[in-house]
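**Q** Structure file structure-v2.tsv (TSV, C-alpha atoms) right here:
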chain	number	residue	atom	x	y	z
A	1	MET	CA	23.25	24.62	103.75
A	2	SER	CA	23.51	26.34	100.39
A	3	ILE	CA	26.64	27.93	98.96
A	4	LYS	CA	25.17	31.33	99.88
A	5	ASP	CA	24.53	30.18	103.45
A	6	ASN	CA	28.08	28.86	103.72
A	7	ILE	CA	29.55	32.15	102.51
A	8	GLU	CA	27.46	34.11	104.98
A	9	TYR	CA	28.59	31.81	107.80
A	10	ILE	CA	32.26	32.21	106.84
A	11	ASN	CA	31.86	35.98	106.68
A	12	ARG	CA	30.46	35.98	110.22
A	13	ARG	CA	33.39	33.90	111.46
A	14	LYS	CA	35.78	36.09	109.49
A	15	GLU	CA	34.37	39.20	111.17
A	16	LYS	CA	34.74	37.69	114.64
A	17	ALA	CA	38.34	36.61	114.01
A	18	ALA	CA	39.27	39.97	112.51
A	19	LEU	CA	37.95	41.85	115.54
A	20	LYS	CA	40.38	39.89	117.71
A	21	SER	CA	43.25	41.39	115.72
A	22	GLY	CA	41.89	44.92	115.76
A	23	ARG	CA	40.35	44.85	112.31
A	24	THR	CA	37.00	44.20	110.67
A	25	GLY	CA	35.90	41.46	108.33
A	26	ASP	CA	36.11	43.89	105.42
A	27	ASP	CA	39.87	44.00	105.95
A	28	VAL	CA	40.14	40.31	105.02
A	29	LEU	CA	39.57	39.16	101.45
A	30	LEU	CA	37.72	35.85	101.09
A	31	VAL	CA	38.97	34.00	98.02
A	32	ALA	CA	36.84	30.99	97.08
A	33	VAL	CA	38.91	27.96	96.06
A	34	THR	CA	37.00	26.23	93.30
A	35	LYS	CA	39.17	23.25	92.39
A	36	LEU	CA	37.08	20.48	90.75
A	37	HIS	CA	33.82	22.35	91.25
A	38	THR	CA	31.64	23.30	88.31
A	39	ALA	CA	31.22	26.65	86.63
A	40	ALA	CA	27.59	26.62	87.80
A	41	GLU	CA	28.68	26.29	91.43
A	42	MET	CA	31.23	29.04	90.93
A	43	ASN	CA	28.60	31.33	89.44
A	44	GLU	CA	26.35	30.61	92.40
A	45	ALA	CA	29.13	31.76	94.72
A	46	ILE	CA	29.68	34.89	92.64
A	47	ASP	CA	25.97	35.67	92.84
A	48	ALA	CA	26.32	35.33	96.63
A	49	GLY	CA	29.01	38.00	96.75
A	50	ILE	CA	32.29	36.27	95.97
A	51	THR	CA	34.55	38.61	93.97
A	52	ASP	CA	37.69	36.46	93.84
A	53	ILE	CA	38.14	32.78	93.02
A	54	ALA	CA	41.23	30.60	93.04
A	55	GLU	CA	42.34	27.46	91.31
A	56	ASN	CA	45.21	25.13	92.10
A	57	LYS	CA	45.75	23.97	88.55
A	58	VAL	CA	46.20	25.79	85.29
A	59	GLN	CA	43.98	23.37	83.37
A	60	GLU	CA	41.06	24.11	85.69
A	61	ILE	CA	41.28	27.82	84.89
A	62	VAL	CA	41.51	27.20	81.17
A	63	ARG	CA	38.66	24.69	81.21
A	64	LYS	CA	36.17	26.87	83.10
A	65	TYR	CA	37.29	30.40	82.26
A	66	ASP	CA	34.71	31.16	79.57
A	67	ASP	CA	31.79	29.72	81.53
A	68	VAL	CA	32.27	31.75	84.71
A	69	LYS	CA	30.83	35.19	85.36
A	70	SER	CA	33.05	38.25	85.73
A	71	VAL	CA	35.38	37.63	88.68
A	72	ARG	CA	39.03	38.00	89.66
A	73	TRP	CA	40.97	34.76	89.15
A	74	HIS	CA	43.91	33.71	91.32
A	75	LEU	CA	46.34	30.83	90.81
A	76	ILE	CA	47.33	29.38	94.18
A	77	GLY	CA	48.84	26.00	93.28
A	78	HIS	CA	52.32	25.07	92.14
A	79	LEU	CA	52.97	26.56	88.72
A	80	GLN	CA	55.26	24.94	86.17
A	81	THR	CA	57.14	27.32	83.92
A	82	ASN	CA	55.80	25.67	80.76
A	83	LYS	CA	52.22	26.53	81.80
A	84	VAL	CA	52.69	30.21	82.65
A	85	ARG	CA	51.72	31.27	79.12
A	86	GLN	CA	48.30	29.63	79.51
A	87	VAL	CA	47.20	31.81	82.44
A	88	ILE	CA	49.25	34.98	82.27
A	89	ASP	CA	46.37	36.92	80.69
A	90	LYS	CA	43.64	35.29	82.80
A	91	VAL	CA	44.66	35.66	86.46
A	92	CYS	CA	44.99	38.79	88.57
A	93	MET	CA	47.57	37.29	90.91
A	94	ILE	CA	49.85	34.25	91.20
A	95	HIS	CA	50.28	33.21	94.84
A	96	SER	CA	52.84	30.45	94.44
A	97	VAL	CA	56.10	31.99	93.21
A	98	ASP	CA	58.94	30.22	94.98
A	99	SER	CA	61.90	30.48	92.60
A	100	PHE	CA	63.65	33.06	90.49
A	101	HIS	CA	63.39	30.75	87.48
A	102	LEU	CA	59.59	30.81	87.70
A	103	ALA	CA	59.59	34.58	88.23
A	104	GLN	CA	61.68	35.03	85.08
A	105	GLU	CA	59.14	33.10	83.03
A	106	ILE	CA	56.23	35.08	84.48
A	107	ASP	CA	58.11	38.30	83.74
A	108	LYS	CA	58.79	37.22	80.16
A	109	ARG	CA	55.18	36.23	79.45
A	110	ALA	CA	53.78	39.34	81.15
A	111	ALA	CA	56.00	41.51	78.96
A	112	GLN	CA	54.69	39.77	75.87
A	113	HIS	CA	51.16	40.73	76.90
A	114	GLY	CA	52.09	44.26	77.91
A	115	LEU	CA	51.06	43.80	81.53
A	116	VAL	CA	52.51	43.76	85.02
A	117	MET	CA	51.66	40.58	86.93
A	118	ASP	CA	50.98	40.73	90.65
A	119	ILE	CA	52.57	37.85	92.54
A	120	LEU	CA	52.98	36.56	96.07
A	121	VAL	CA	56.15	34.83	97.19
A	122	GLN	CA	55.30	31.44	98.67
A	123	VAL	CA	57.21	30.84	101.89
A	124	ASN	CA	57.45	27.37	103.42
A	125	THR	CA	57.26	28.31	107.10
A	126	ALA	CA	56.31	24.71	107.90
A	127	HIS	CA	59.77	23.59	106.68
A	128	GLU	CA	58.13	20.52	105.14
A	129	ASP	CA	59.82	18.82	102.19
A	130	SER	CA	56.40	17.93	100.81
A	131	LYS	CA	55.40	21.60	100.50
A	132	PHE	CA	56.51	24.06	97.87
A	133	GLY	CA	57.84	27.44	98.86
A	134	VAL	CA	61.11	29.18	99.56
A	135	SER	CA	62.51	28.79	103.05
A	136	PRO	CA	62.00	31.76	105.39
A	137	GLU	CA	65.77	32.18	105.51
A	138	ASP	CA	65.93	32.61	101.73
A	139	ALA	CA	62.80	34.72	101.28
A	140	ASP	CA	64.52	38.11	101.40
A	141	GLU	CA	67.07	37.09	98.79
A	142	LEU	CA	64.36	35.89	96.41
A	143	ILE	CA	62.16	38.97	96.91
A	144	LEU	CA	65.01	41.35	96.19
A	145	LYS	CA	66.30	39.36	93.23
A	146	ILE	CA	62.85	39.38	91.59
A	147	ALA	CA	62.41	43.09	92.28
A	148	GLU	CA	65.80	43.93	90.78
A	149	ASN	CA	65.45	41.85	87.64
A	150	CYS	CA	61.78	41.42	86.68
A	151	GLU	CA	60.29	44.63	85.32
A	152	ASN	CA	56.88	43.12	84.60
A	153	ILE	CA	56.28	41.71	88.08
A	154	ARG	CA	54.92	43.45	91.16
A	155	ILE	CA	55.44	41.61	94.45
A	156	LYS	CA	52.28	42.10	96.49
A	157	GLY	CA	53.05	40.01	99.54
A	158	ILE	CA	53.53	36.54	101.03
A	159	MET	CA	51.65	33.26	100.86
A	160	CYS	CA	52.07	30.35	103.25
A	161	MET	CA	50.35	27.14	104.33
A	162	ALA	CA	50.46	25.53	107.75
A	163	PRO	CA	50.60	21.72	108.02
A	164	PHE	CA	47.06	20.50	107.35
A	165	GLU	CA	47.00	17.67	109.87
A	166	ILE	CA	47.68	19.71	112.98
A	167	ASP	CA	45.24	21.38	115.35
A	168	PRO	CA	44.53	24.90	114.02
A	169	GLU	CA	45.81	26.35	117.28
A	170	ASP	CA	49.17	24.71	116.63
A	171	ALA	CA	49.40	26.55	113.28
A	172	ARG	CA	50.00	29.91	114.94
A	173	PRO	CA	53.84	29.75	114.86
A	174	PHE	CA	53.83	29.11	111.10
A	175	PHE	CA	51.52	32.07	110.52
A	176	THR	CA	53.50	34.28	112.88
A	177	GLU	CA	56.74	33.63	111.00
A	178	ALA	CA	55.12	34.57	107.69
A	179	LYS	CA	53.64	37.71	109.28
A	180	GLU	CA	57.10	38.79	110.42
A	181	ILE	CA	58.42	38.60	106.86
A	182	PHE	CA	55.36	40.40	105.54
A	183	ASP	CA	55.62	43.19	108.09
A	184	ARG	CA	59.22	44.01	107.17
A	185	TYR	CA	58.16	44.93	103.65
A	186	ALA	CA	54.67	46.26	104.39
A	187	ALA	CA	56.25	48.85	106.68
A	188	GLN	CA	58.36	50.18	103.83
A	189	GLU	CA	57.16	52.80	101.40
A	190	ALA	CA	55.76	51.10	98.31
A	191	ALA	CA	58.23	50.83	95.44
A	192	GLU	CA	57.68	50.13	91.76
A	193	ARG	CA	58.06	46.37	92.14
A	194	ILE	CA	57.60	45.77	95.88
A	195	ASP	CA	54.18	46.79	97.20
A	196	PHE	CA	53.19	44.45	100.01
A	197	LYS	CA	49.40	44.41	100.47
A	198	TYR	CA	48.47	40.76	100.93
A	199	LEU	CA	49.33	38.15	103.52
A	200	SER	CA	47.68	35.08	102.04
A	201	MET	CA	47.26	32.39	104.69
A	202	GLY	CA	44.42	30.38	106.11
A	203	MET	CA	42.19	27.71	104.58
A	204	THR	CA	38.99	25.93	105.59
A	205	ASN	CA	40.52	24.23	108.63
A	206	ASP	CA	42.52	27.16	110.01
A	207	TYR	CA	41.36	30.48	108.50
A	208	GLU	CA	40.15	31.91	111.82
A	209	VAL	CA	43.53	31.38	113.48
A	210	ALA	CA	45.27	32.78	110.39
A	211	ILE	CA	43.16	35.94	110.55
A	212	GLU	CA	43.89	36.34	114.24
A	213	GLU	CA	47.60	36.14	113.38
A	214	GLY	CA	47.33	38.84	110.70
A	215	SER	CA	46.16	37.25	107.47
A	216	ASN	CA	44.22	39.57	105.18
A	217	LEU	CA	43.51	37.03	102.44
A	218	ILE	CA	42.05	33.59	103.15
A	219	ARG	CA	41.67	30.75	100.63
A	220	VAL	CA	38.55	28.72	101.43
A	221	GLY	CA	37.06	25.93	99.36
A	222	THR	CA	35.50	23.01	101.24
A	223	ALA	CA	33.65	25.25	103.73
A	224	ILE	CA	31.96	26.98	100.78
A	225	PHE	CA	31.36	24.22	98.25
A	226	GLY	CA	31.60	21.00	100.26
A	227	ASN	CA	33.92	18.11	99.52
A	228	ARG	CA	35.29	17.75	96.02
A	229	ASP	CA	34.83	14.75	93.75
A	230	TYR	CA	38.47	13.83	93.23
A	231	ARG	CA	37.50	11.10	90.79
A	232	SER	CA	36.81	13.82	88.24
A	233	GLU	CA	40.20	15.47	88.58
A	234	GLU	CA	42.05	15.84	85.31
A	235	LYS	CA	45.57	14.49	85.33
Take the structure in the file and give it back as C-alpha cells.
**A**
Amino acid sequence: MSIKDNIEYINRRKEKAALKSGRTGDDVLLVAVTKLHTAAEMNEAIDAGITDIAENKVQEIVRKYDDVKSVRWHLIGHLQTNKVRQVIDKVCMIHSVDSFHLAQEIDKRAAQHGLVMDILVQVNTAHEDSKFGVSPEDADELILKIAENCENIRIKGIMCMAPFEIDPEDARPFFTEAKEIFDRYAAQEAAERIDFKYLSMGMTNDYEVAIEEGSNLIRVGTAIFGNRDYRSEEK
C-alpha cells in the first residue's frame, strides 16, 4: 500500500473509533510522525492530505525543515533545554513539556522571537521510570506554575503515552487518567495561558483505543510510512 492508501485507511479507522465516542473523524487530528523518513516521503504524505507532522528529535526538524512543503511541525520527543533555541521558530507546538525548567527556557526563547509557544504538558500516566513526563499527581502544580510565570507560553492540553508492549485494550486506564486531567481544564473558560484544546494520545498500535477514550490528536508513524531504518538515525 502507498502512503496515500495508508492515510486513507487510518482515516477510516479514525472515523469508526470517533463514532464510538460520540464524535466524527474530523474531531481527531492525525499528526504524521516522520522520524527517520525522508523529506520526499513527508511531501508525499502532505500531498495526500496530512497537515501536521511530528518529529521526536530536534536535529530531524532542522535537517529536513527546508525540504518539506508547507505544513505544521510538532515536536513530540524529549526536549533538552539547550536545543529549544533551534526549534522555537519552526514548530507550532511542543508536546513534551514535563518540567518547569524546560518551560522557562521555552518561555525565554519564545520571548526573544516575539511569539507565544503552544505546549502540551506530558503526563506519565504509565508511571514508568523509563518514560518522560510529570506524574499525574504533580500535573496540576506544574500546569499552574507555568501559567503563572511564563508569559510567552500557552498550555493547550495534555500528552501521554501508554506502555507500548501491552495489548491496546489494556491501555485504556492510562488514557482514562489523562482524560480526567484534561477534562478538568477543558471545562474551564479559556484563560490567557491555559486553553485546553488537545488531548494528544494514541500511536500506531493503540490510536483507536485512545480515540475511544477521548483523544483528539493521534501521533501515527509506522502505519503511514512503514518501519523506519534505524541504522540511519543520527546520534
**Q** Neighbours of Asp26 of chain A within 9 Å (all atoms listed in the file; same-chain residues fewer than 6 positions away dropped), as a PyMOL selection string?
**A** chain A and resi 14-15+18
**Q** Rounded to one decimal in Å, what is the spacing between atom CA of Cys150 of chain A and atom CA of Arg63 of chain A?
**A**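 Atom CA of Cys150 of chain A sits 29.1 Å away from atom CA of Arg63 of chain A.
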**Q** Let me make sure I understand: among A:Pro163, A:Glu148, A:Val220, A:Asp170, which one has the smallest atom-to-atom distance to Ile194 of chain A if we use only C-alpha atoms?
**A**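 For Ile194 of chain A, the nearest of the given residues is A:Glu148.
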**Q** Please determine, counting only C-alpha atoms, which residue among A:Lys4, A:Arg23, A:Arg219, A:His95 has the shortest atom-to-atom distance to Met203 of chain A.
**A**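 For Met203 of chain A, the nearest of the candidates is A:Arg219.
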**Q** Tell me which protein, DNA and RNA residues are within 9 Å of Val87 of chain A, counting only C-alpha atoms, leaving out same-chain ones fewer than 5 positions away, and put them as a list in words.
**A**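 Near neighbours after the sequence-gap exclusion: Val58, Ile61, Val62 and Leu75 of chain A.
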**Q** Per residue of segment 16-84 of chain A within 9 Å of segment 100-105 of chain A, which atom pair is closest and at what distance in Å (one decimal), using all atoms listed in the file, listed by chain and increasing number, as JSON lines?
**A**
{"residue": "A:Leu79", "atom": "CA", "partner": "A:Leu102", "partner_atom": "CA", "distance": 7.9}
{"residue": "A:Gln80", "atom": "CA", "partner": "A:Leu102", "partner_atom": "CA", "distance": 7.5}
{"residue": "A:Thr81", "atom": "CA", "partner": "A:Leu102", "partner_atom": "CA", "distance": 5.7}
{"residue": "A:Asn82", "atom": "CA", "partner": "A:Glu105", "partner_atom": "CA", "distance": 8.5}
{"residue": "A:Val84", "atom": "CA", "partner": "A:Glu105", "partner_atom": "CA", "distance": 7.1}
**Q** What does the distance from atom CA of Leu115 of chain A to atom CA of Ser135 of chain A come to in Å, to one decimal?
**A** 28.6 Å
**Q** Tell me, counting all atoms listed in the file, for each residue of segment 159-223 of chain A within 12 Å of segment 116-119 of chain A, which pair of atoms is nearest and how far apart they are in Å to one decimal, in rows ordered by chain and increasing number, as JSON lines.
**A**
{"residue": "A:Met159", "atom": "CA", "partner": "A:Ile119", "partner_atom": "CA", "distance": 9.5}
{"residue": "A:Glu192", "atom": "CA", "partner": "A:Val116", "partner_atom": "CA", "distance": 10.6}
{"residue": "A:Arg193", "atom": "CA", "partner": "A:Asp118", "partner_atom": "CA", "distance": 9.2}
{"residue": "A:Ile194", "atom": "CA", "partner": "A:Asp118", "partner_atom": "CA", "distance": 9.8}
{"residue": "A:Asp195", "atom": "CA", "partner": "A:Asp118", "partner_atom": "CA", "distance": 9.5}
{"residue": "A:Phe196", "atom": "CA", "partner": "A:Ile119", "partner_atom": "CA", "distance": 10.0}
{"residue": "A:Lys197", "atom": "CA", "partner": "A:Asp118", "partner_atom": "CA", "distance": 10.6}
{"residue": "A:Tyr198", "atom": "CA", "partner": "A:Ile119", "partner_atom": "CA", "distance": 9.8}
{"residue": "A:Leu199", "atom": "CA", "partner": "A:Ile119", "partner_atom": "CA", "distance": 11.5}
{"residue": "A:Ser200", "atom": "CA", "partner": "A:Ile119", "partner_atom": "CA", "distance": 11.0}
**Q** Could you tell me which of A:Ile76, A:Ala48, A:Ile7, A:Ala17 comes closest to Leu30 of chain A if we count all atoms listed in the file?
**A**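 That would be A:Ile7, the residue with the smallest distance to Leu30 of chain A.
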**Q** What does the structure give for the distance between atom CA of His37 of chain A and atom CA of Pro168 of chain A, in Å to one decimal?
**A**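 Taking atom CA of His37 of chain A and atom CA of Pro168 of chain A, their separation equals 25.3 Å.
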**Q** Using all atoms listed in the file for the distances, tell me which of A:Thr222, A:Asn227, A:Thr38, A:Thr204 is nearest to Arg13 of chain A.
**A** A:Thr204
**Q** Build an axis-aligned box that encloses every atom of segment 142-148 of chain A listed in the file, pad it by 6 Å on each side, and report its centre and edge lengths in Å to one decimal, as AutoDock Vina command-line options.
**A**
--center_x 64.2 --center_y 39.9 --center_z 93.8 --size_x 16.1 --size_y 20.0 --size_z 18.1
**Q** Identify which of the residues A:Lys69, A:Arg109, A:Arg184, A:Lys20 lies closest to Glu151 of chain A, counting all atoms listed in the file when measuring atom-to-atom distances.
**A**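 Smallest separation from Glu151 of chain A among the options: A:Arg109.
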**Q** List the neighbours of Ala210 of chain A out to 7 Å using all atoms listed in the file; skip same-chain residues closer than 6 positions along the sequence, and give me the result as a tab-separated table (two decimals) with C-alpha atoms, in the frame of the given file.
**A**
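To be explicit, this is the file written out as result_35.tsv:
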chain	number	residue	atom	x	y	z
A	175	PHE	CA	51.52	32.07	110.52
A	201	MET	CA	47.26	32.39	104.69
A	202	GLY	CA	44.42	30.38	106.11
**Q** In terms of the shortest atom-to-atom distance over all atoms listed in the file, which of A:Ala40, A:Ile10, A:Val209, A:Ala139 is closest to Ala162 of chain A?
**A**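 So, comparing all the options, the nearest one is A:Val209.
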**Q** List the spatial neighbours of Val134 of chain A as a VMD selection string - criterion: any atom at most 8 Å away, only C-alpha atoms, same-chain residues fewer than 2 positions off excluded.
**A** chain A and resid 98 to 99 121 to 124 132 136 138 to 139
